[in-house]
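Reproduced below: upload18.cif, with mmCIF, C-alpha atoms (C1' of nucleotides).
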```cif
data_structure
#
loop_
_atom_site.label_atom_id
_atom_site.label_comp_id
_atom_site.auth_asym_id
_atom_site.auth_seq_id
_atom_site.Cartn_x
_atom_site.Cartn_y
_atom_site.Cartn_z
CA MET O 1 0.00 0.00 0.00
CA PRO O 2 2.83 2.45 0.44
CA SER O 3 4.51 3.50 -2.75
CA LEU O 4 7.37 1.14 -2.24
CA PRO O 5 9.55 0.80 -5.25
CA GLY O 6 8.32 -2.70 -5.79
CA PHE O 7 7.32 -2.40 -9.39
CA THR O 8 4.93 -4.97 -10.69
CA CYS O 9 6.35 -4.58 -14.18
CA GLY O 10 8.32 -2.27 -16.39
CA LEU O 11 5.31 -0.23 -17.32
CA ASP O 12 4.66 0.37 -13.67
CA ALA O 13 8.14 1.77 -13.23
CA THR O 14 7.75 4.03 -16.23
CA LEU O 15 4.44 5.36 -15.04
CA ARG O 16 5.97 6.53 -11.79
CA VAL O 17 8.05 9.09 -13.61
CA VAL O 18 5.70 10.14 -16.40
CA SER O 19 2.54 10.42 -14.38
CA GLY O 20 1.51 14.01 -14.40
CA LYS O 21 -0.84 15.81 -16.65
CA TRP O 22 1.79 17.51 -18.77
CA LYS O 23 4.89 15.42 -18.30
CA PRO O 24 4.76 13.39 -21.48
CA LEU O 25 4.10 16.55 -23.43
CA ILE O 26 7.01 18.32 -21.77
CA ILE O 27 9.35 15.48 -22.59
CA TYR O 28 8.05 15.37 -26.10
CA PHE O 29 8.69 19.05 -26.74
CA LEU O 30 12.09 18.97 -25.12
CA ALA O 31 12.99 16.11 -27.42
CA GLN O 32 11.86 18.04 -30.46
CA GLU O 33 13.23 21.46 -29.72
CA GLY O 34 16.41 20.57 -27.91
CA PRO O 35 17.48 23.01 -25.22
CA ILE O 36 14.64 25.42 -24.83
CA ARG O 37 13.98 28.42 -22.68
CA TYR O 38 11.35 28.44 -20.03
CA GLY O 39 9.05 30.89 -21.75
CA GLU O 40 9.23 29.07 -25.03
CA LEU O 41 8.42 25.77 -23.39
CA ARG O 42 5.48 27.35 -21.67
CA ARG O 43 4.11 28.48 -24.98
CA ALA O 44 4.74 25.11 -26.58
CA VAL O 45 2.83 23.20 -23.92
CA ARG O 46 -0.36 25.09 -24.41
CA ASP O 47 -2.69 25.85 -21.54
CA VAL O 48 -0.21 24.90 -18.86
CA SER O 49 0.14 27.31 -15.97
CA ASP O 50 3.41 28.44 -14.44
CA LYS O 51 2.66 26.50 -11.34
CA MET O 52 2.18 23.18 -13.03
CA LEU O 53 5.01 23.63 -15.48
CA ILE O 54 7.50 24.47 -12.78
CA GLN O 55 6.23 21.71 -10.55
CA HIS O 56 6.54 19.11 -13.25
CA LEU O 57 9.91 20.38 -14.37
CA LYS O 58 11.22 20.06 -10.84
CA GLU O 59 9.97 16.53 -10.55
CA LEU O 60 11.41 15.60 -13.90
CA GLU O 61 14.66 17.14 -12.81
CA ALA O 62 14.62 15.18 -9.57
CA ASP O 63 13.95 12.06 -11.60
CA GLU O 64 16.95 12.88 -13.73
CA LEU O 65 15.06 13.08 -16.96
CA VAL O 66 15.50 16.80 -17.42
CA LYS O 67 18.46 19.10 -17.01
CA ARG O 68 18.09 22.71 -15.97
CA THR O 69 20.69 25.25 -16.96
CA ASP O 70 20.63 28.65 -15.35
CA PHE O 71 22.81 31.13 -17.20
CA ARG O 72 22.62 33.55 -14.30
CA GLU O 73 22.09 36.51 -16.53
CA ILE O 74 20.03 39.61 -16.17
CA PRO O 75 17.38 39.34 -17.41
CA PRO O 76 17.24 35.70 -16.39
CA ARG O 77 17.83 33.00 -18.93
CA VAL O 78 17.16 29.37 -18.11
CA GLU O 79 17.20 26.48 -20.50
CA TYR O 80 15.78 23.03 -20.14
CA SER O 81 16.93 19.95 -21.95
CA LEU O 82 16.69 16.20 -21.69
CA THR O 83 19.27 14.05 -20.00
CA PRO O 84 20.34 10.86 -21.77
CA LEU O 85 17.78 9.03 -19.67
CA GLY O 86 15.15 11.54 -20.69
CA ARG O 87 16.04 11.16 -24.34
CA SER O 88 15.64 7.42 -24.16
CA LEU O 89 12.23 7.90 -22.59
CA ALA O 90 11.30 10.36 -25.31
CA GLU O 91 12.03 7.69 -27.87
CA ALA O 92 9.77 5.27 -26.07
CA LEU O 93 7.08 7.91 -26.31
CA VAL O 94 7.23 8.17 -30.08
CA PRO O 95 4.92 5.22 -30.81
CA LEU O 96 2.29 6.72 -28.52
CA CYS O 97 2.58 9.93 -30.43
CA ASN O 98 2.19 8.12 -33.72
CA TRP O 99 -0.77 6.22 -32.41
CA GLY O 100 -2.44 9.52 -31.65
CA VAL O 101 -1.78 10.82 -35.12
CA GLU O 102 -3.04 7.67 -36.79
CA ASN O 103 -6.16 7.45 -34.71
CA MET O 104 -6.90 11.07 -34.12
CA VAL O 105 -10.10 11.02 -36.09
CA GLU O 106 -11.41 8.10 -34.12
CA VAL O 107 -10.33 9.48 -30.79
CA LYS O 108 -11.91 12.79 -31.61
CA ARG O 109 -15.16 11.08 -32.48
CA VAL O 110 -15.45 9.02 -29.31
CA PHE O 111 -14.51 12.04 -27.31
CA GLU O 112 -17.26 14.15 -28.72
CA GLN O 113 -19.72 11.37 -28.00
CA ARG O 114 -18.51 11.07 -24.45
CA GLN O 115 -18.87 14.74 -23.76
CA ALA O 116 -22.35 14.82 -25.19
CA GLY O 117 -23.20 11.99 -22.82
CA ASP O 118 -21.52 13.57 -19.83
CA ALA O 119 -23.41 16.78 -20.33
CA LYS O 120 -26.73 15.25 -19.44
CA GLY O 121 -26.76 11.74 -18.05
CA ARG O 122 -24.08 10.87 -15.54
CA MET D 1 -9.18 26.29 -22.10
CA PRO D 2 -12.19 24.03 -22.53
CA SER D 3 -11.36 20.48 -23.45
CA LEU D 4 -12.11 21.02 -27.07
CA PRO D 5 -10.94 18.21 -29.23
CA GLY D 6 -8.38 20.44 -30.77
CA PHE D 7 -5.33 18.31 -30.24
CA THR D 8 -2.01 20.04 -30.35
CA CYS D 9 -0.34 16.84 -31.50
CA GLY D 10 -0.74 13.11 -31.65
CA LEU D 11 0.59 12.60 -28.17
CA ASP D 12 -2.02 14.96 -26.88
CA ALA D 13 -4.75 12.88 -28.46
CA THR D 14 -3.33 9.70 -27.00
CA LEU D 15 -3.12 11.16 -23.55
CA ARG D 16 -6.80 11.95 -23.53
CA VAL D 17 -7.66 8.29 -23.56
CA VAL D 18 -4.87 6.84 -21.45
CA SER D 19 -4.87 9.43 -18.71
CA GLY D 20 -5.90 7.75 -15.54
CA LYS D 21 -3.79 6.23 -12.87
CA TRP D 22 -4.35 2.63 -13.88
CA LYS D 23 -5.37 2.80 -17.50
CA PRO D 24 -2.08 1.94 -19.13
CA LEU D 25 -1.70 -0.96 -16.74
CA ILE D 26 -5.20 -2.19 -17.49
CA ILE D 27 -4.56 -2.10 -21.21
CA TYR D 28 -1.25 -3.80 -20.73
CA PHE D 29 -2.74 -6.69 -18.79
CA LEU D 30 -5.64 -7.08 -21.16
CA ALA D 31 -3.17 -7.31 -24.00
CA GLN D 32 -1.21 -10.00 -22.22
CA GLU D 33 -3.97 -12.14 -20.83
CA GLY D 34 -6.53 -11.83 -23.57
CA PRO D 35 -10.14 -11.96 -22.41
CA ILE D 36 -10.00 -11.87 -18.68
CA ARG D 37 -12.57 -11.93 -15.93
CA TYR D 38 -13.15 -8.98 -13.68
CA GLY D 39 -11.74 -10.56 -10.54
CA GLU D 40 -8.66 -11.77 -12.27
CA LEU D 41 -7.98 -8.35 -13.73
CA ARG D 42 -8.40 -6.82 -10.32
CA ARG D 43 -5.75 -9.10 -8.92
CA ALA D 44 -3.44 -8.45 -11.85
CA VAL D 45 -3.56 -4.70 -11.43
CA ARG D 46 -2.40 -4.72 -7.88
CA ASP D 47 -3.62 -2.19 -5.34
CA VAL D 48 -6.43 -0.94 -7.51
CA SER D 49 -9.78 -0.58 -5.80
CA ASP D 50 -13.07 -1.78 -7.24
CA LYS D 51 -14.19 1.76 -7.66
CA MET D 52 -11.26 2.87 -9.72
CA LEU D 53 -11.09 -0.28 -11.77
CA ILE D 54 -14.74 -0.11 -12.75
CA GLN D 55 -14.54 3.58 -13.41
CA HIS D 56 -11.55 3.22 -15.69
CA LEU D 57 -13.02 0.22 -17.42
CA LYS D 58 -16.17 2.16 -18.20
CA GLU D 59 -14.20 5.03 -19.62
CA LEU D 60 -12.05 2.73 -21.68
CA GLU D 61 -15.21 1.07 -22.93
CA ALA D 62 -16.71 4.43 -23.83
CA ASP D 63 -13.51 5.25 -25.67
CA GLU D 64 -13.83 2.01 -27.57
CA LEU D 65 -10.57 0.57 -26.39
CA VAL D 66 -12.11 -2.16 -24.27
CA LYS D 67 -14.95 -4.57 -24.83
CA ARG D 68 -17.11 -5.85 -22.00
CA THR D 69 -18.86 -9.19 -22.31
CA ASP D 70 -21.50 -10.08 -19.77
CA PHE D 71 -22.38 -13.78 -19.88
CA ARG D 72 -25.46 -13.18 -17.75
CA GLU D 73 -24.85 -16.18 -15.60
CA ILE D 74 -25.33 -16.83 -11.93
CA PRO D 75 -22.90 -16.36 -10.35
CA PRO D 76 -22.00 -13.44 -12.59
CA ARG D 77 -19.33 -13.81 -15.20
CA VAL D 78 -17.99 -10.84 -17.10
CA GLU D 79 -14.99 -10.75 -19.34
CA TYR D 80 -12.99 -7.82 -20.57
CA SER D 81 -10.90 -7.70 -23.69
CA LEU D 82 -9.31 -5.18 -26.01
CA THR D 83 -10.94 -3.92 -29.16
CA PRO D 84 -8.78 -3.66 -32.28
CA LEU D 85 -8.19 -0.03 -31.41
CA GLY D 86 -7.20 -1.04 -27.91
CA ARG D 87 -4.82 -3.64 -29.23
CA SER D 88 -3.08 -1.11 -31.42
CA LEU D 89 -2.68 1.16 -28.43
CA ALA D 90 -1.30 -1.70 -26.39
CA GLU D 91 1.39 -2.14 -29.00
CA ALA D 92 2.30 1.50 -28.76
CA LEU D 93 2.68 0.95 -25.04
CA VAL D 94 5.26 -1.78 -25.40
CA PRO D 95 8.29 0.53 -25.74
CA LEU D 96 7.29 2.32 -22.55
CA CYS D 97 7.13 -1.01 -20.83
CA ASN D 98 10.54 -1.95 -22.12
CA TRP D 99 11.94 1.37 -21.06
CA GLY D 100 10.79 0.65 -17.55
CA VAL D 101 12.42 -2.75 -17.56
CA GLU D 102 15.67 -1.43 -18.92
CA ASN D 103 15.86 1.48 -16.52
CA MET D 104 14.18 0.02 -13.50
CA VAL D 105 17.30 0.13 -11.39
CA GLU D 106 17.83 3.78 -12.14
CA VAL D 107 14.21 4.69 -11.65
CA LYS D 108 14.16 2.88 -8.38
CA ARG D 109 17.21 4.73 -7.21
CA VAL D 110 15.94 8.21 -8.01
CA PHE D 111 12.65 7.33 -6.46
CA GLU D 112 14.17 6.34 -3.19
CA GLN D 113 16.13 9.58 -3.14
CA ARG D 114 13.02 11.59 -3.82
CA GLN D 115 11.08 9.97 -1.05
CA ALA D 116 13.87 10.50 1.43
CA GLY D 117 13.82 14.16 0.46
CA ASP D 118 10.05 14.47 0.64
CA ALA D 119 9.99 12.99 4.09
CA LYS D 120 11.72 15.92 5.70
CA GLY D 121 12.29 19.06 3.68
CA ARG D 122 9.50 20.07 1.34
"C1'" DC E 1 12.28 36.85 -17.84
"C1'" DC E 2 11.82 33.25 -14.66
"C1'" DG E 3 9.75 31.71 -11.00
"C1'" DC E 4 7.64 31.32 -6.14
"C1'" DA E 5 3.67 31.77 -2.71
"C1'" DT E 6 -1.02 31.82 -1.61
"C1'" DC E 7 -5.55 30.82 -1.84
"C1'" DC E 8 -9.31 28.28 -3.47
"C1'" DA E 9 -11.95 25.12 -6.60
"C1'" DA E 10 -12.27 20.94 -8.91
"C1'" DT E 11 -10.94 16.49 -9.60
"C1'" DC E 12 -9.30 12.15 -8.28
"C1'" DT E 13 -8.57 8.35 -5.13
"C1'" DG E 14 -9.52 5.00 -1.94
"C1'" DA E 15 -11.68 2.57 2.33
"C1'" DT E 16 -15.78 0.79 3.76
"C1'" DA E 17 -20.07 -1.12 3.48
"C1'" DC E 18 -23.73 -2.93 0.78
"C1'" DT E 19 -26.55 -5.27 -3.35
"C1'" DG E 20 -28.22 -8.73 -6.95
"C1'" DC V 1 -18.73 -12.78 -8.59
"C1'" DA V 2 -19.26 -8.36 -10.18
"C1'" DG V 3 -20.25 -4.55 -9.21
"C1'" DT V 4 -22.65 0.15 -6.62
"C1'" DA V 5 -22.96 3.84 -3.04
"C1'" DT V 6 -21.13 6.94 0.07
"C1'" DC V 7 -18.07 9.75 2.12
"C1'" DA V 8 -13.51 11.59 3.52
"C1'" DG V 9 -9.08 12.83 2.25
"C1'" DA V 10 -5.45 13.60 -1.06
"C1'" DT V 11 -4.00 15.53 -5.19
"C1'" DT V 12 -4.27 18.50 -8.90
"C1'" DG V 13 -5.34 22.70 -11.22
"C1'" DG V 14 -5.30 27.44 -11.94
"C1'" DA V 15 -5.73 32.68 -11.07
"C1'" DT V 16 -3.47 36.20 -9.02
"C1'" DG V 17 0.08 38.83 -7.21
"C1'" DC V 18 4.86 39.40 -5.80
"C1'" DG V 19 10.19 39.19 -6.11
"C1'" DG V 20 15.06 38.74 -7.88
#
```

Can you turn what I pasted into C-alpha cells?
Amino acid sequence: MPSLPGFTCGLDATLRVVSGKWKPLIIYFLAQEGPIRYGELRRAVRDVSDKMLIQHLKELEADELVKRTDFREIPPRVEYSLTPLGRSLAEALVPLCNWGVENMVEVKRVFEQRQAGDAKGR
Amino acid sequence: MPSLPGFTCGLDATLRVVSGKWKPLIIYFLAQEGPIRYGELRRAVRDVSDKMLIQHLKELEADELVKRTDFREIPPRVEYSLTPLGRSLAEALVPLCNWGVENMVEVKRVFEQRQAGDAKGR
DNA sequence: CCGCATCCAATCTGATACTG
DNA sequence: CAGTATCAGATTGGATGCGG
C-alpha cells in the first residue's frame, strides 16, 4: 500500500516518472526542440500554468530526466533539456505519439460522444 | 481552455484516452492475458480498488478501447478484452514497458532519493 | 524573464459497506 | 462474482500577485 519501489512490471516503473498531466508533453517538446527556454516551453505546452510547469519540471529534474541550466544573466535565462535518460524515454514515447496521429479522427469522435453523454446523463 | 478536441499533436490525443492512474496498466494486462474476468484483472492490477477499476473500465469502454462481455450467468461472469483499437494502443505501449524494464534500477534509485527528500524538507 | 507563494476550486482516489 | 454507493481525504489545477 505504500509506494514502495516494488514495481509490478516495467510499465509500472515508467508510469511513476511520467505520471503528471503535462509530463509526457514536456518530454516530447524537449525532445523536439532541444534546449529550450522556459518561456518558449510554456508556450509550446499550451494551456499549462506556471505552477504546473514548474512543478513538473522540478519533478522531472529530480527524476533525472531533465536538465536545468541557469545562465545567471540579467534578465534571467534558463534552458531546459533532456538528459540521456530523458532522451531514451522520449524515444519510447514516439509510438504513442504516432498512435495519436493515426487514430486522431477516431479518438476525436469518441470524445465528442462522451462529452455529449456527460453533459446530461451521468 | 475548454477540453475542445483540438489536439495540439498526436501525443495529446493519445493522452486523452490513457490518462488515468491505472489505465495503461489495465490495457497492458488485457493485451497480455486476452479476455480476462473482472476478478482476475483486479488481482493483476495490484492495489487498484473496485471503484477505480470499474470507473476506468467504463471510460475505456466508452472510448472504444475495451470490450465488456457479460455472460449473464449466476454467479455473474464478465470478461474484458481489447478492441482492435485497444490492441493497437497496447502495441504502442510496449516501448514504454521496455523502457521501464531497462531502466528500473535507475528509476528505483531516483525514487528512493526523492522519497527520502520528501519525508523531511518540502 | 523566470519563477515562487497563496488561496481556493475541482478532480481524483480509496476505504468501507452494501446489493443482486 | 461483479459490481454500486457513500463519504472523507489527497492531489491537482489554476488565477493572481509578488520578487530577484

For the structure provided, state which residues fall under the PyMOL selection byres ((chain V) within 10 of (chain D)), and present them as a PDB file with C-alpha atoms (C1' of nucleotides), in the coordinates of the input.
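In the end it all went to part15.pdb:
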```
ATOM      1  C1'  DC V   1     -18.730 -12.780  -8.590  1.00  0.00           C
ATOM      2  C1'  DA V   2     -19.260  -8.360 -10.180  1.00  0.00           C
ATOM      3  C1'  DG V   3     -20.250  -4.550  -9.210  1.00  0.00           C
ATOM      4  C1'  DT V   4     -22.650   0.150  -6.620  1.00  0.00           C
TER       5       DT V   4
END
```

Open item on the list: Would you mind listing, as a PyMOL selection string, all residues of chain O that have at least one atom within 8 Å of chain D, where only C-alpha atoms are what counts?
Closed with: chain O and resi 1+5+8-14+17+19+21+24-25+46-47+62-64+88-89+92-93+95-102+104+107-108+110-112+114

- [ ] Name the residues that the PyMOL selection byres ((chain E) within 12 of (chain D)) pulls out of this structure, and write them as a PyMOL selection string.
- [x] chain E and resi 11-16+20

Which residues, named as in the file, does the PyMOL selection byres ((chain E and resi 7) around 10) pick out? Answer as a compact mmCIF listing (two decimals) with C-alpha atoms (C1' of nucleotides), in the coordinates of the input.
```txt
# COMPACT_ATOMS: atom_id res chain seq x y z
C1' DA E 5 3.67 31.77 -2.71
C1' DT E 6 -1.02 31.82 -1.61
C1' DC E 8 -9.31 28.28 -3.47
C1' DA E 9 -11.95 25.12 -6.60
C1' DA V 15 -5.73 32.68 -11.07
C1' DT V 16 -3.47 36.20 -9.02
```

Open item on the list: Rounded to one decimal, what separation in Å do you get between atom CA of Arg68 of chain O and atom CA of Leu82 of chain O?
Closed with: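 Pair atom CA of Arg68 of chain O / atom CA of Leu82 of chain O returns 8.8 Å.
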
Open item on the list: If I take atom CA of Ile27 of chain D and atom CA of His56 of chain O, how far is one from the other in Å, to one decimal?
Closed with: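 One can read the atom CA of Ile27 of chain D to atom CA of His56 of chain O distance as 25.2 Å.
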
Mind working out the centre and edge lengths of an axis-aligned box for segment 20-39 of chain D, all listed atoms inside, 6 Å added to each side, rounded to one decimal in Å and written as JSON?
```
{"center_x": -7.2, "center_y": -2.2, "center_z": -17.3, "size_x": 23.9, "size_y": 31.9, "size_z": 25.5}
```

With the input short on atoms, add all heavy atoms back to segment 90-101 of chain O and write it as an mmCIF file, in the frame of the given file.
```cif
data_model
loop_
_atom_site.group_PDB
_atom_site.id
_atom_site.type_symbol
_atom_site.label_atom_id
_atom_site.label_comp_id
_atom_site.auth_asym_id
_atom_site.auth_seq_id
_atom_site.Cartn_x
_atom_site.Cartn_y
_atom_site.Cartn_z
ATOM 1 N N ALA O 90 11.972 9.654 -24.212
ATOM 2 C CA ALA O 90 11.300 10.360 -25.310
ATOM 3 C C ALA O 90 11.132 9.441 -26.514
ATOM 4 O O ALA O 90 10.103 9.465 -27.192
ATOM 5 C CB ALA O 90 12.103 11.597 -25.700
ATOM 6 N N GLU O 91 12.128 8.623 -26.734
ATOM 7 C CA GLU O 91 12.030 7.690 -27.870
ATOM 8 C C GLU O 91 10.944 6.659 -27.648
ATOM 9 O O GLU O 91 10.240 6.258 -28.579
ATOM 10 C CB GLU O 91 13.369 6.995 -28.101
ATOM 11 C CG GLU O 91 14.340 7.867 -28.873
ATOM 12 C CD GLU O 91 15.738 7.276 -28.887
ATOM 13 O OE1 GLU O 91 15.846 6.031 -28.955
ATOM 14 O OE2 GLU O 91 16.720 8.054 -28.811
ATOM 15 N N ALA O 92 10.811 6.248 -26.402
ATOM 16 C CA ALA O 92 9.770 5.270 -26.070
ATOM 17 C C ALA O 92 8.383 5.883 -26.203
ATOM 18 O O ALA O 92 7.379 5.168 -26.299
ATOM 19 C CB ALA O 92 9.984 4.725 -24.670
ATOM 20 N N LEU O 93 8.351 7.203 -26.213
ATOM 21 C CA LEU O 93 7.080 7.910 -26.310
ATOM 22 C C LEU O 93 6.621 8.085 -27.760
ATOM 23 O O LEU O 93 5.445 8.358 -28.024
ATOM 24 C CB LEU O 93 7.251 9.291 -25.663
ATOM 25 C CG LEU O 93 6.424 9.705 -24.458
ATOM 26 C CD1 LEU O 93 6.001 8.542 -23.598
ATOM 27 C CD2 LEU O 93 7.191 10.736 -23.644
ATOM 28 N N VAL O 94 7.546 7.932 -28.667
ATOM 29 C CA VAL O 94 7.230 8.170 -30.080
ATOM 30 C C VAL O 94 6.064 7.323 -30.603
ATOM 31 O O VAL O 94 5.166 7.858 -31.263
ATOM 32 C CB VAL O 94 8.492 7.953 -30.963
ATOM 33 C CG1 VAL O 94 8.131 7.948 -32.439
ATOM 34 C CG2 VAL O 94 9.520 9.042 -30.678
ATOM 35 N N PRO O 95 6.044 6.018 -30.307
ATOM 36 C CA PRO O 95 4.920 5.220 -30.810
ATOM 37 C C PRO O 95 3.571 5.711 -30.288
ATOM 38 O O PRO O 95 2.582 5.671 -31.011
ATOM 39 C CB PRO O 95 5.217 3.815 -30.267
ATOM 40 C CG PRO O 95 6.686 3.797 -30.057
ATOM 41 C CD PRO O 95 7.039 5.180 -29.630
ATOM 42 N N LEU O 96 3.542 6.185 -29.063
ATOM 43 C CA LEU O 96 2.290 6.720 -28.520
ATOM 44 C C LEU O 96 1.850 7.943 -29.308
ATOM 45 O O LEU O 96 0.667 8.140 -29.570
ATOM 46 C CB LEU O 96 2.471 7.113 -27.058
ATOM 47 C CG LEU O 96 2.307 6.037 -26.006
ATOM 48 C CD1 LEU O 96 2.334 6.660 -24.632
ATOM 49 C CD2 LEU O 96 1.021 5.276 -26.207
ATOM 50 N N CYS O 97 2.845 8.729 -29.659
ATOM 51 C CA CYS O 97 2.580 9.930 -30.430
ATOM 52 C C CYS O 97 2.032 9.546 -31.804
ATOM 53 O O CYS O 97 1.034 10.109 -32.262
ATOM 54 C CB CYS O 97 3.884 10.701 -30.557
ATOM 55 S SG CYS O 97 3.692 12.353 -31.151
ATOM 56 N N ASN O 98 2.658 8.591 -32.416
ATOM 57 C CA ASN O 98 2.190 8.120 -33.720
ATOM 58 C C ASN O 98 0.784 7.546 -33.636
ATOM 59 O O ASN O 98 -0.034 7.756 -34.516
ATOM 60 C CB ASN O 98 3.144 7.063 -34.269
ATOM 61 C CG ASN O 98 4.483 7.654 -34.630
ATOM 62 O OD1 ASN O 98 4.601 8.857 -34.871
ATOM 63 N ND2 ASN O 98 5.508 6.826 -34.666
ATOM 64 N N TRP O 99 0.558 6.802 -32.576
ATOM 65 C CA TRP O 99 -0.770 6.220 -32.410
ATOM 66 C C TRP O 99 -1.832 7.327 -32.404
ATOM 67 O O TRP O 99 -2.877 7.200 -33.016
ATOM 68 C CB TRP O 99 -0.834 5.423 -31.095
ATOM 69 C CG TRP O 99 -2.122 4.677 -30.922
ATOM 70 C CD1 TRP O 99 -2.388 3.405 -31.338
ATOM 71 C CD2 TRP O 99 -3.328 5.163 -30.314
ATOM 72 N NE1 TRP O 99 -3.681 3.071 -31.020
ATOM 73 C CE2 TRP O 99 -4.282 4.129 -30.393
ATOM 74 C CE3 TRP O 99 -3.693 6.368 -29.713
ATOM 75 C CZ2 TRP O 99 -5.570 4.265 -29.885
ATOM 76 C CZ3 TRP O 99 -4.988 6.506 -29.210
ATOM 77 C CH2 TRP O 99 -5.906 5.455 -29.300
ATOM 78 N N GLY O 100 -1.521 8.401 -31.718
ATOM 79 C CA GLY O 100 -2.440 9.520 -31.650
ATOM 80 C C GLY O 100 -2.695 10.131 -33.016
ATOM 81 O O GLY O 100 -3.823 10.466 -33.363
ATOM 82 N N VAL O 101 -1.634 10.256 -33.785
ATOM 83 C CA VAL O 101 -1.780 10.820 -35.120
ATOM 84 C C VAL O 101 -2.638 9.909 -35.991
ATOM 85 O O VAL O 101 -3.584 10.349 -36.649
ATOM 86 C CB VAL O 101 -0.395 11.007 -35.791
ATOM 87 C CG1 VAL O 101 -0.559 11.430 -37.242
ATOM 88 C CG2 VAL O 101 0.420 12.040 -35.025
#
```
